[in-house]
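Student: The structure file protein-v4.cif (mmCIF, C-alpha atoms) is provided below.
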data_start
#
loop_
_atom_site.label_atom_id
_atom_site.label_comp_id
_atom_site.auth_asym_id
_atom_site.auth_seq_id
_atom_site.Cartn_x
_atom_site.Cartn_y
_atom_site.Cartn_z
CA MET B 1 28.33 -0.91 46.05
CA ILE B 2 29.61 -1.82 49.52
CA ASP B 3 27.09 -2.95 52.10
CA THR B 4 28.78 -3.47 55.46
CA GLU B 5 25.57 -4.90 56.92
CA SER B 6 25.36 -7.83 54.50
CA THR B 7 26.97 -11.21 54.93
CA HIS B 8 29.16 -12.01 51.98
CA LEU B 9 28.59 -15.39 50.42
CA ASN B 10 32.23 -16.44 50.81
CA GLU B 11 32.43 -15.76 54.54
CA GLN B 12 31.47 -18.22 57.24
CA ASP B 13 31.55 -17.36 60.93
CA GLY B 14 33.96 -14.51 60.24
CA GLU B 15 36.28 -16.67 58.17
CA THR B 16 36.65 -16.71 54.42
CA ALA B 17 35.40 -19.97 52.92
CA MET B 18 37.12 -19.43 49.58
CA THR B 19 39.56 -16.85 48.30
CA ILE B 20 38.76 -15.55 44.84
CA THR B 21 41.30 -13.40 43.05
CA LEU B 22 40.50 -11.45 39.91
CA TYR B 23 43.48 -10.19 37.91
CA THR B 24 42.49 -7.19 35.83
CA LYS B 25 43.70 -4.02 34.14
CA PRO B 26 42.14 -0.60 33.61
CA GLY B 27 39.65 -0.30 30.77
CA CYS B 28 39.03 -4.05 30.52
CA VAL B 29 35.34 -4.60 29.74
CA GLN B 30 35.52 -8.34 30.44
CA CYS B 31 37.21 -7.65 33.77
CA ARG B 32 34.43 -5.30 34.83
CA ALA B 33 31.76 -7.79 33.73
CA THR B 34 33.40 -10.57 35.74
CA ALA B 35 33.71 -8.39 38.85
CA ARG B 36 30.10 -7.22 38.46
CA GLN B 37 28.85 -10.82 38.28
CA PHE B 38 30.55 -11.68 41.57
CA ASP B 39 29.32 -8.41 43.11
CA LYS B 40 25.70 -9.09 42.13
CA ALA B 41 25.92 -12.42 43.97
CA ASP B 42 27.45 -10.62 46.98
CA VAL B 43 30.70 -12.56 46.64
CA ARG B 44 33.79 -10.75 47.87
CA ILE B 45 36.80 -10.96 45.56
CA ASP B 46 40.36 -9.71 45.73
CA THR B 47 41.15 -7.62 42.66
CA ILE B 48 44.72 -7.15 41.45
CA ASP B 49 45.60 -4.67 38.72
CA VAL B 50 48.36 -6.31 36.68
CA SER B 51 49.29 -2.97 35.09
CA ALA B 52 50.32 -1.73 38.55
CA ASP B 53 51.60 -5.00 40.03
CA THR B 54 54.49 -6.39 37.99
CA ALA B 55 54.84 -9.45 40.23
CA ALA B 56 51.21 -10.36 39.57
CA ALA B 57 51.72 -9.85 35.84
CA GLN B 58 54.74 -12.13 35.97
CA LEU B 59 52.80 -14.76 37.93
CA LEU B 60 50.12 -14.83 35.23
CA ALA B 61 52.76 -15.07 32.51
CA ASP B 62 54.43 -17.94 34.37
CA LEU B 63 51.04 -19.70 34.53
CA GLY B 64 50.66 -19.25 30.77
CA TYR B 65 48.03 -16.51 30.79
CA ARG B 66 48.46 -13.77 28.21
CA SER B 67 45.28 -11.76 28.77
CA VAL B 68 42.94 -10.67 31.53
CA PRO B 69 40.67 -11.17 33.28
CA VAL B 70 42.11 -14.17 35.05
CA VAL B 71 40.19 -15.67 37.96
CA ILE B 72 41.82 -17.95 40.50
CA ALA B 73 39.40 -19.55 42.94
CA ASP B 74 39.89 -22.57 45.15
CA GLY B 75 42.54 -24.24 42.98
CA GLN B 76 40.80 -23.56 39.68
CA SER B 77 41.64 -20.79 37.26
CA TRP B 78 40.57 -19.44 33.91
CA ALA B 79 40.98 -16.46 31.61
CA GLY B 80 38.31 -14.34 30.01
CA HIS B 81 34.80 -13.44 31.06
CA ARG B 82 33.26 -16.86 31.67
CA PRO B 83 29.78 -16.38 33.17
CA ASP B 84 29.36 -20.16 33.36
CA ARG B 85 32.53 -20.57 35.45
CA VAL B 86 31.65 -17.62 37.69
CA ASP B 87 28.17 -19.09 38.26
CA ALA B 88 29.74 -22.46 39.14
CA VAL B 89 31.95 -20.81 41.79
CA ILE B 90 28.96 -18.90 43.16
CA ARG B 91 26.93 -22.13 43.37
CA GLN B 92 29.86 -23.88 45.09
CA LEU B 93 30.02 -21.10 47.68
CA ALA B 94 26.26 -21.15 48.25
CA GLN B 95 26.33 -24.91 48.73
CA ALA B 96 29.23 -24.65 51.19
CA MET B 97 27.35 -21.99 53.17
CA SER B 98 24.22 -24.15 53.44
CA CYS B 99 26.11 -27.28 54.48
CA PRO B 100 26.54 -27.64 58.26
CA HIS B 101 30.16 -27.90 59.36
CA LEU B 102 31.13 -30.74 61.64
#
Represent the supplied structure as structure tokens.

Tutor:
Amino acid sequence: MIDTESTHLNEQDGETAMTITLYTKPGCVQCRATARQFDKADVRIDTIDVSADTAAAQLLADLGYRSVPVVIADGQSWAGHRPDRVDAVIRQLAQAMSCPHL
């Protein structure tokens, strides 16, 4: 669901606070669950289908990943549906949004 009126958690003053990329493929249940968890928290993610993007598939292979989903967020990355890791990124974004910028 896209709500153009809402403020996404990873945007601050029109700028993205953190880029989150989800590498996925069609029919991947874990990929959908990971995307849904970010969506429920109103966190915008970039989704890349590795079955359609051979360069992205090669990047993941070069990084040592052999399955999807793979999440890359703010210098950290992991494979598989990891609700604990997704929650940690969401908390990190929420904390950054509540902290005044100098």

Student: Which residue, B:Arg44, B:Ser77, B:Ala96, B:Asp39, has the smallest gap to Leu60 of chain B when you use all atoms listed in the file?

Tutor: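 Under the stated criterion, the closest residue is B:Ser77.
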
Student: Name the residues captured by the PyMOL selection byres ((chain B and resi 49-55) around 10) when it is applied to the shown file; answer as a ChimeraX atom specification.

Tutor: /B:22-26,47-48,56-61,68-69

Student: Using all atoms listed in the file, pick whichever of B:Ile72, B:Ala79, B:Ile20, B:Ala33 has the shortest atom-to-atom distance to Leu93 of chain B.

Tutor: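 Smallest distance to Leu93 of chain B is found for B:Ile20.
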
Student: How many Å separate atom CA of Thr34 of chain B from atom CA of Ala94 of chain B?

Tutor: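 Those two atoms sit 17.9 Å apart.
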
Student: What is the atom CA of Thr21 of chain B to atom CA of Val71 of chain B distance in Å?

Tutor: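 Spanning atom CA of Thr21 of chain B to atom CA of Val71 of chain B is a straight-line distance of 5.7 Å.
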
Student: Quote the spacing between atom CA of Asp46 of chain B and atom CA of Arg32 of chain B in Å to one decimal place.

Tutor: 13.2 Å

Student: Under the PyMOL selection byres ((chain B and resi 89) around 10), which residues of this model are included? Write them out as a list in words.

Tutor: Met18, Ile20, Phe38, Val43, Ala73, Asp74, Gln76, Pro83, Asp84, Arg85, Val86, Asp87, Ala88, Ile90, Arg91, Gln92, Leu93, Ala94 and Gln95 of chain B

Student: N, CA, C and O atoms are needed for segment 80-99 of chain B; please write them out as a compact mmCIF listing (two decimals), keeping the file's coordinate frame.

Tutor:
# COMPACT_ATOMS: atom_id res chain seq x y z
N GLY B 80 39.45 -14.83 30.76
CA GLY B 80 38.31 -14.34 30.01
C GLY B 80 37.06 -14.26 30.86
O GLY B 80 37.00 -14.83 31.96
N HIS B 81 36.08 -13.53 30.36
CA HIS B 81 34.80 -13.44 31.06
C HIS B 81 34.04 -14.72 30.77
O HIS B 81 33.60 -14.98 29.66
N ARG B 82 33.92 -15.56 31.79
CA ARG B 82 33.26 -16.86 31.67
C ARG B 82 32.10 -16.92 32.66
O ARG B 82 32.25 -17.40 33.79
N PRO B 83 30.93 -16.39 32.26
CA PRO B 83 29.78 -16.38 33.17
C PRO B 83 29.45 -17.77 33.72
O PRO B 83 29.06 -17.90 34.88
N ASP B 84 29.64 -18.80 32.91
CA ASP B 84 29.36 -20.16 33.36
C ASP B 84 30.30 -20.57 34.50
O ASP B 84 29.85 -21.16 35.49
N ARG B 85 31.57 -20.23 34.40
CA ARG B 85 32.53 -20.57 35.45
C ARG B 85 32.29 -19.76 36.71
O ARG B 85 32.38 -20.27 37.83
N VAL B 86 31.96 -18.47 36.54
CA VAL B 86 31.65 -17.62 37.69
C VAL B 86 30.42 -18.17 38.41
O VAL B 86 30.42 -18.30 39.64
N ASP B 87 29.38 -18.51 37.66
CA ASP B 87 28.17 -19.09 38.26
C ASP B 87 28.48 -20.38 39.01
O ASP B 87 27.92 -20.63 40.08
N ALA B 88 29.38 -21.20 38.47
CA ALA B 88 29.74 -22.46 39.14
C ALA B 88 30.42 -22.17 40.49
O ALA B 88 30.13 -22.85 41.49
N VAL B 89 31.29 -21.17 40.53
CA VAL B 89 31.95 -20.81 41.79
C VAL B 89 30.92 -20.27 42.78
O VAL B 89 30.93 -20.62 43.97
N ILE B 90 30.00 -19.45 42.30
CA ILE B 90 28.96 -18.90 43.16
C ILE B 90 28.09 -20.02 43.73
O ILE B 90 27.78 -20.03 44.92
N ARG B 91 27.72 -20.98 42.89
CA ARG B 91 26.93 -22.13 43.37
C ARG B 91 27.71 -22.94 44.39
O ARG B 91 27.16 -23.39 45.40
N GLN B 92 29.00 -23.13 44.16
CA GLN B 92 29.86 -23.88 45.09
C GLN B 92 29.90 -23.17 46.44
O GLN B 92 29.79 -23.82 47.49
N LEU B 93 30.02 -21.86 46.43
CA LEU B 93 30.02 -21.10 47.68
C LEU B 93 28.68 -21.20 48.39
O LEU B 93 28.64 -21.39 49.61
N ALA B 94 27.60 -21.07 47.66
CA ALA B 94 26.26 -21.15 48.25
C ALA B 94 26.03 -22.51 48.88
O ALA B 94 25.47 -22.62 49.97
N GLN B 95 26.49 -23.55 48.20
CA GLN B 95 26.33 -24.91 48.73
C GLN B 95 27.17 -25.08 50.00
O GLN B 95 26.70 -25.67 50.97
N ALA B 96 28.37 -24.54 50.00
CA ALA B 96 29.23 -24.65 51.19
C ALA B 96 28.61 -23.91 52.37
O ALA B 96 28.74 -24.35 53.52
N MET B 97 27.96 -22.79 52.10
CA MET B 97 27.35 -21.99 53.17
C MET B 97 26.13 -22.69 53.76
O MET B 97 25.83 -22.51 54.93
N SER B 98 25.43 -23.48 52.96
CA SER B 98 24.22 -24.15 53.44
C SER B 98 24.52 -25.48 54.10
O SER B 98 23.66 -26.04 54.77
N CYS B 99 25.72 -25.98 53.92
CA CYS B 99 26.11 -27.28 54.48
C CYS B 99 26.62 -27.09 55.90
O CYS B 99 27.55 -26.30 56.13
